[in-house]
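Shown here: data_34.txt, compact mmCIF, C-alpha atoms.
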```
# COMPACT_ATOMS: atom_id res chain seq x y z
CA MET A 1 0.00 0.00 0.00
CA ILE A 2 1.41 3.40 -1.03
CA THR A 3 0.85 5.96 1.73
CA GLN A 4 0.46 9.73 1.34
CA ARG A 5 3.83 10.14 3.06
CA THR A 6 5.45 7.90 0.46
CA LYS A 7 3.83 9.86 -2.38
CA LYS A 8 5.14 13.14 -0.92
CA ARG A 9 8.66 11.74 -0.59
CA LYS A 10 8.65 10.53 -4.19
CA LYS A 11 7.37 13.89 -5.42
CA ASN A 12 10.12 15.77 -3.55
CA PHE A 13 12.73 13.30 -4.82
CA LYS A 14 11.74 13.94 -8.44
CA LYS A 15 12.41 17.67 -7.96
CA VAL A 16 16.12 17.12 -7.32
CA PHE A 17 16.86 13.91 -9.25
CA LEU A 18 17.59 13.82 -12.99
CA ALA A 19 15.91 10.53 -13.87
CA ALA A 20 16.15 8.55 -17.07
CA SER A 21 12.96 7.10 -18.50
CA PRO A 22 12.83 3.33 -19.09
CA HIS A 23 11.16 4.26 -22.39
CA ASP A 24 14.30 6.02 -23.59
CA PRO A 25 15.42 4.33 -26.85
CA ALA A 26 18.97 3.94 -25.50
CA LEU A 27 17.71 2.09 -22.42
CA ILE A 28 15.39 -0.09 -24.49
CA GLN A 29 18.35 -1.02 -26.68
CA PHE A 30 20.49 -1.69 -23.58
CA LYS A 31 17.82 -4.01 -22.15
CA ARG A 32 17.55 -5.96 -25.40
CA LYS A 33 21.30 -6.13 -25.97
CA TYR A 34 21.93 -7.71 -22.58
CA GLN A 35 18.63 -9.68 -22.46
CA LEU A 36 17.77 -8.30 -19.06
CA ASP A 37 14.24 -9.71 -19.09
CA LYS A 38 15.79 -13.19 -19.17
CA VAL A 39 18.15 -12.27 -16.34
CA ILE A 40 15.28 -11.69 -13.91
CA LYS A 41 12.58 -13.98 -15.34
CA ASN A 42 12.98 -16.68 -12.66
CA GLY A 43 12.52 -14.26 -9.78
CA LYS A 44 9.45 -15.24 -7.78
CA ASP A 45 9.02 -11.68 -6.44
CA GLU A 46 10.42 -8.21 -7.01
CA PHE A 47 13.25 -8.49 -4.50
CA THR A 48 14.43 -11.82 -5.90
CA GLN A 49 14.46 -10.25 -9.35
CA MET A 50 16.61 -7.41 -7.99
CA LEU A 51 18.99 -9.97 -6.48
CA LEU A 52 19.21 -11.80 -9.82
CA LEU A 53 20.18 -8.54 -11.49
CA ASN A 54 22.73 -7.88 -8.74
CA GLU A 55 24.30 -11.29 -9.33
CA TRP A 56 24.30 -10.78 -13.11
CA THR A 57 26.07 -7.43 -12.71
CA HIS A 58 28.68 -8.98 -10.43
CA GLN A 59 29.36 -11.73 -12.96
CA GLN A 60 30.03 -9.30 -15.83
CA PHE A 61 33.35 -8.26 -14.29
CA LYS A 62 36.13 -10.83 -14.51
CA SER A 63 38.78 -8.43 -13.20
CA PHE A 64 38.83 -5.86 -10.42
CA GLY A 65 41.24 -3.03 -9.74
CA ARG A 66 42.38 0.40 -10.87
CA PRO A 67 40.37 1.29 -14.00
CA THR A 68 42.29 0.80 -17.22
CA TRP A 69 39.78 2.92 -19.15
CA ILE A 70 38.01 6.12 -18.11
CA THR A 71 34.27 6.00 -18.74
CA GLN A 72 30.99 6.33 -16.84
CA ASN A 73 28.90 4.89 -19.66
CA ALA A 74 27.34 1.57 -18.58
CA ASP A 75 27.38 0.05 -22.07
CA GLU A 76 31.03 0.98 -22.61
CA ILE A 77 31.93 -0.42 -19.19
CA LEU A 78 30.39 -3.79 -20.03
CA GLU A 79 32.06 -3.94 -23.44
CA LEU A 80 35.44 -3.03 -21.97
CA ALA A 81 35.06 -5.43 -19.03
CA ARG A 82 34.45 -8.26 -21.48
CA ALA A 83 37.59 -7.19 -23.35
CA GLY A 84 39.64 -7.63 -20.17
CA HIS A 85 39.76 -4.11 -18.73
CA THR A 86 39.62 -3.66 -14.97
CA PHE A 87 37.17 -1.46 -13.09
CA TYR A 88 36.29 -0.38 -9.56
CA CYS A 89 33.12 -0.62 -7.47
CA ALA A 90 31.75 2.60 -8.96
CA HIS A 91 31.55 0.92 -12.36
CA PHE A 92 29.73 -2.10 -10.93
CA ALA A 93 27.23 0.33 -9.43
CA ILE A 94 26.83 2.26 -12.69
CA VAL A 95 26.01 -0.92 -14.61
CA TYR A 96 23.47 -2.06 -12.04
CA THR A 97 21.80 1.35 -11.93
CA VAL A 98 21.37 1.49 -15.70
CA ALA A 99 20.18 -2.12 -15.93
CA ALA A 100 17.65 -1.56 -13.15
CA THR A 101 16.42 1.63 -14.81
CA ALA A 102 16.02 -0.18 -18.12
CA LEU A 103 13.81 -2.71 -16.34
CA GLY A 104 11.59 0.04 -14.96
CA TRP A 105 12.95 0.36 -11.43
CA LEU A 106 14.13 3.61 -9.86
CA ALA A 107 17.77 3.27 -8.84
CA ARG A 108 20.49 5.67 -7.73
CA LEU A 109 24.21 5.63 -7.03
CA VAL A 110 25.51 6.22 -3.52
CA SER A 111 29.11 7.02 -2.62
CA LEU A 112 30.20 5.91 0.85
CA ARG A 113 32.95 7.48 2.91
CA LEU A 114 34.69 6.96 6.23
CA ALA A 115 34.19 9.78 8.70
CA ASP A 116 37.87 10.79 8.67
CA PHE A 117 38.48 10.38 4.93
CA PRO A 118 39.09 13.37 2.57
CA ILE A 119 35.73 14.82 1.59
CA LYS A 120 36.46 14.83 -2.16
CA HIS A 121 36.89 11.06 -2.28
CA SER A 122 34.82 7.97 -1.53
CA ASN A 123 35.74 4.59 -0.08
CA HIS A 124 33.06 2.54 -1.79
CA ASN A 125 30.11 2.85 -4.17
CA VAL A 126 26.79 1.00 -3.98
CA VAL A 127 23.26 1.25 -5.34
CA GLU A 128 19.95 2.11 -3.72
CA ILE A 129 16.82 0.97 -5.49
CA TRP A 130 13.20 1.77 -4.67
CA SER A 131 11.44 -1.41 -3.52
CA HIS A 132 7.68 -1.57 -3.94
CA GLN A 133 7.82 -4.85 -2.04
CA TYR A 134 9.30 -3.21 1.08
CA GLN A 135 8.01 0.34 0.40
CA LYS A 136 11.41 1.95 0.90
CA TRP A 137 14.85 2.36 -0.61
CA ILE A 138 17.11 -0.66 -0.19
CA MET A 139 20.86 -1.01 -0.69
CA LEU A 140 22.36 -3.53 -3.08
CA ASP A 141 26.10 -3.93 -3.61
CA PRO A 142 26.97 -5.62 -6.92
CA THR A 143 30.73 -5.63 -6.25
CA PRO A 144 30.55 -8.45 -3.65
CA ASN A 145 26.99 -9.40 -4.77
CA CYS A 146 25.36 -8.74 -1.42
CA TYR A 147 23.03 -6.68 0.72
CA ILE A 148 23.02 -5.83 4.43
CA ALA A 149 20.27 -6.71 6.91
CA LYS A 150 19.57 -7.48 10.55
CA GLU A 151 19.92 -11.14 11.46
CA ASP A 152 16.45 -11.35 13.00
CA ASP A 153 14.49 -10.59 9.81
CA LEU A 154 16.96 -10.37 6.85
CA ILE A 155 14.97 -7.46 5.39
CA PRO A 156 17.35 -5.38 3.24
CA LEU A 157 18.39 -2.05 4.73
CA ASN A 158 19.17 1.19 2.91
CA CYS A 159 22.38 3.16 3.41
CA TYR A 160 20.93 5.52 6.02
CA GLU A 161 19.45 2.63 8.01
CA ILE A 162 22.78 0.80 7.93
CA GLY A 163 24.55 3.88 9.28
CA ILE A 164 22.01 4.31 12.07
CA GLU A 165 22.19 0.65 13.09
CA TRP A 166 25.99 0.63 13.12
CA PHE A 167 26.93 4.03 14.53
CA LYS A 168 23.96 5.05 16.68
CA LYS A 169 22.54 1.73 17.85
CA GLN A 170 25.86 -0.16 17.68
CA ASN A 171 23.92 -3.15 16.43
CA LYS A 172 26.18 -6.22 16.33
CA ARG A 173 23.35 -8.27 14.78
CA LEU A 174 23.89 -6.85 11.33
CA CYS A 175 24.85 -9.32 8.64
CA PHE A 176 25.90 -9.52 5.01
CA VAL A 177 23.66 -11.60 2.76
CA LEU A 178 25.38 -12.90 -0.37
CA GLY A 179 23.86 -13.79 -3.72
CA VAL A 180 20.49 -15.03 -4.86
CA LYS A 181 20.88 -18.00 -2.50
CA ARG A 182 21.05 -15.46 0.36
CA GLN A 183 23.96 -16.93 2.26
CA VAL A 184 24.04 -15.17 5.63
CA TYR A 185 27.33 -14.03 7.12
CA PRO A 186 27.03 -12.57 10.64
CA LEU A 187 29.73 -10.16 11.72
CA ASN A 188 31.46 -12.82 13.79
CA LYS A 189 31.92 -14.93 10.63
CA LEU A 190 33.80 -12.21 8.76
CA PRO A 191 35.99 -11.74 6.83
CA VAL A 192 34.67 -13.55 3.77
CA ILE A 193 37.23 -13.84 0.98
CA LEU A 194 35.38 -13.51 -2.33
CA ALA A 195 38.15 -13.67 -4.91
CA HIS A 196 41.77 -12.86 -5.66
CA TYR A 197 42.47 -10.50 -8.54
CA PRO A 198 45.95 -10.09 -10.08
CA GLY A 199 47.28 -6.59 -9.50
CA PHE A 200 44.73 -5.91 -6.76
CA GLY A 201 44.79 -8.76 -4.29
CA GLN A 202 41.94 -10.15 -2.22
CA LEU A 203 38.40 -8.86 -2.59
CA ALA A 204 36.82 -9.51 0.78
CA ILE A 205 33.97 -8.46 3.05
CA ARG A 206 35.22 -7.30 6.44
CA VAL A 207 33.50 -5.77 9.45
CA THR A 208 35.20 -2.49 8.59
CA GLU A 209 32.96 -2.25 5.50
CA LEU A 210 30.25 -0.91 7.81
CA ASP A 211 32.46 2.02 8.83
CA LYS A 212 32.15 3.33 5.26
CA TYR A 213 28.49 4.20 5.92
CA ALA A 214 29.51 7.19 8.05
CA CYS A 215 29.06 9.67 5.18
CA LEU A 216 26.66 9.24 2.26
CA ALA A 217 26.69 11.11 -1.05
CA TYR A 218 23.71 10.55 -3.33
CA ILE A 219 24.46 11.04 -7.04
CA PRO A 220 21.47 13.04 -8.39
CA THR A 221 21.01 11.22 -11.71
CA ASN A 222 20.73 7.75 -13.21
CA ARG A 223 21.39 8.92 -16.77
CA LEU A 224 24.52 6.87 -17.28
CA LEU A 225 24.52 6.01 -20.95
CA GLY A 226 26.52 8.93 -22.24
CA ASP A 227 24.90 12.16 -20.98
CA PHE A 228 26.13 11.94 -17.35
```
What do you get writing this file as C-alpha cells?
Amino acid sequence: MITQRTKKRKKNFKKVFLAASPHDPALIQFKRKYQLDKVIKNGKDEFTQMLLLNEWTHQQFKSFGRPTWITQNADEILELARAGHTFYCAHFAIVYTVAATALGWLARLVSLRLADFPIKHSNHNVVEIWSHQYQKWIMLDPTPNCYIAKEDDLIPLNCYEIGIEWFKKQNKRLCFVLGVKRQVYPLNKLPVILAHYPGFGQLAIRVTELDKYACLAYIPTNRLLGDF
C-alpha cells in the first residue's frame, strides 16, 4: 500500500533527481542487448528479481582493480570489461543502476565514505533501489553481490538505516547476505574472501565495510549512458 507520506517523498525526490525514462530508446536497446528480461525472469518476487540482477552485474566483471579505461557509460563499461579491462566498485554500481532503470525500477548511485576520509573522495560505491515490495529504498552492492540486513528478519536495509544501526545503535546483529541464494554471514563470521584478482589482491567483506556508511553522497542522476 502506497501511503500519502510515500507519495510526498517521491514527489520531492523527483524535484532534485535527474531521472532517465525506461522508455528512452537507448535504455530499451540496452535491455535488449543484454537480455535483461531473461536475467530476472525466474525471480518469484520483485526483490528476488533485484537480487538476480545484482548477481548478473557482479558476474560481468572478470577483473577488479584500478580502471584501465576512463568512462561512466554503462554500455562501454560492459564492453570493456568483457575485453579484459579492470574497473572499480563505482563501475559495478553504474552498470546495475542502468540495468535496473532499463527494467523500470528507480535506482540511484551512492558514494560511501569513512568519517575521517578526505571529503572529495569515496571509499566505496553502492546502489539504492526503490522497492515496492518493502516500500522503501534498499541497498544492493553488486561488487561483492550482497546486501546488508539485521539477522532477526533479513529485510534489506538502505544506506541511512545501515549507518544508524551501526553508529547510533551499535547493532552487532547486522549481517551480510550474499547472492540469490542469500547466504548469511554474521559479523562474527567475517571476513569472507570472495576472490583474488591479479594486480589488486583479495576482494573480501570485512567488518570495517560498515564504517564506510559514516558519510553518504547521493548522485542526483541515473542517466549513465553517455549524458552523465
Determine, using all atoms listed in the file, which residues of region 101-164 of chain A have any atom at most 8 Å from an atom of region 194-212 of chain A, and tabulate each with its shortest atom pair and distance in Å to one decimal place, rows ordered by chain and then rising number, as a Markdown table.
```
| residue | atom | partner | partner_atom | distance |
| --- | --- | --- | --- | --- |
| A:Leu112 | CA | A:Lys212 | CA | 5.5 |
| A:Arg113 | CA | A:Lys212 | CA | 4.8 |
| A:Leu114 | CA | A:Lys212 | CA | 4.5 |
| A:Ala115 | CA | A:Lys212 | CA | 7.6 |
| A:Asn123 | CA | A:Lys212 | CA | 6.6 |
| A:His124 | CA | A:Lys212 | CA | 7.2 |
| A:Pro144 | CA | A:Leu194 | CA | 7.1 |
| A:Ile162 | CA | A:Leu210 | CA | 7.7 |
| A:Gly163 | CA | A:Leu210 | CA | 7.6 |
```
Please indicate the distance in Å from CA of Asn42 (chain A) to CA of Val184 (chain A), rounded to one decimal place.
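Going from CA of Asn42 (chain A) over to CA of Val184 (chain A), I get 21.4 Å.
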Using all atoms listed in the file, determine which residues lie at most 9 Å from Thr221 (chain A), disregarding the query and same-chain residues fewer than 4 positions distant; provide the list as a list of chain:residue names.
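Final neighbour list, sorted by chain and number: A:Val16, A:Phe17, A:Leu18, A:Ala19, A:Ala20, A:Arg108, A:Leu109, A:Phe228.
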Since we have the selection now, will you write its residues out, keeping C-alpha atoms, as a CSV table (one decimal), keeping the file's coordinate frame?
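New file selection14.csv:
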```csv
chain,number,residue,atom,x,y,z
A,16,VAL,CA,16.1,17.1,-7.3
A,17,PHE,CA,16.9,13.9,-9.2
A,18,LEU,CA,17.6,13.8,-13.0
A,19,ALA,CA,15.9,10.5,-13.9
A,20,ALA,CA,16.2,8.6,-17.1
A,108,ARG,CA,20.5,5.7,-7.7
A,109,LEU,CA,24.2,5.6,-7.0
A,228,PHE,CA,26.1,11.9,-17.4
```
When you look at Thr57 (chain A) with a cut-off of 12 Å (counting all atoms listed in the file), what residues show up, excluding the ones that are within fewer than 2 positions of it in the same chain? I need them as a ChimeraX atom specification.
/A:34,36,39-40,50-55,59-62,74,77-78,81,89,91-100,127,140-146,179
Output the selection as a short mmCIF file (atom, residue, chain, number, x, y, z; two decimals), keeping the file's coordinate frame - C-alpha atoms for each residue.
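The result, stored in out.cif:
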```
data_model
loop_
_atom_site.label_atom_id
_atom_site.label_comp_id
_atom_site.auth_asym_id
_atom_site.auth_seq_id
_atom_site.Cartn_x
_atom_site.Cartn_y
_atom_site.Cartn_z
CA TYR A 34 21.93 -7.71 -22.58
CA LEU A 36 17.77 -8.30 -19.06
CA VAL A 39 18.15 -12.27 -16.34
CA ILE A 40 15.28 -11.69 -13.91
CA MET A 50 16.61 -7.41 -7.99
CA LEU A 51 18.99 -9.97 -6.48
CA LEU A 52 19.21 -11.80 -9.82
CA LEU A 53 20.18 -8.54 -11.49
CA ASN A 54 22.73 -7.88 -8.74
CA GLU A 55 24.30 -11.29 -9.33
CA GLN A 59 29.36 -11.73 -12.96
CA GLN A 60 30.03 -9.30 -15.83
CA PHE A 61 33.35 -8.26 -14.29
CA LYS A 62 36.13 -10.83 -14.51
CA ALA A 74 27.34 1.57 -18.58
CA ILE A 77 31.93 -0.42 -19.19
CA LEU A 78 30.39 -3.79 -20.03
CA ALA A 81 35.06 -5.43 -19.03
CA CYS A 89 33.12 -0.62 -7.47
CA HIS A 91 31.55 0.92 -12.36
CA PHE A 92 29.73 -2.10 -10.93
CA ALA A 93 27.23 0.33 -9.43
CA ILE A 94 26.83 2.26 -12.69
CA VAL A 95 26.01 -0.92 -14.61
CA TYR A 96 23.47 -2.06 -12.04
CA THR A 97 21.80 1.35 -11.93
CA VAL A 98 21.37 1.49 -15.70
CA ALA A 99 20.18 -2.12 -15.93
CA ALA A 100 17.65 -1.56 -13.15
CA VAL A 127 23.26 1.25 -5.34
CA LEU A 140 22.36 -3.53 -3.08
CA ASP A 141 26.10 -3.93 -3.61
CA PRO A 142 26.97 -5.62 -6.92
CA THR A 143 30.73 -5.63 -6.25
CA PRO A 144 30.55 -8.45 -3.65
CA ASN A 145 26.99 -9.40 -4.77
CA CYS A 146 25.36 -8.74 -1.42
CA GLY A 179 23.86 -13.79 -3.72
#
```
Polymer residues at most 6 Å from Phe87 (chain A), all atoms listed in the file, same-chain spacing of 2 or more positions, as a list in words
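Selected residues are Phe64, Gly65, Arg66 and Pro67 of chain A.
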Best match for closeness to Pro25 (chain A) among A:Leu178, A:Ala102, A:Ala83, A:Leu187, counting all atoms listed in the file
A:Ala102
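By all atoms listed in the file, and with residues fewer than 5 positions from Lys150 (chain A) along its chain excluded, the set lying at most 7 Å from it is Ile155, Arg173, Leu174 and Cys175 of chain A.
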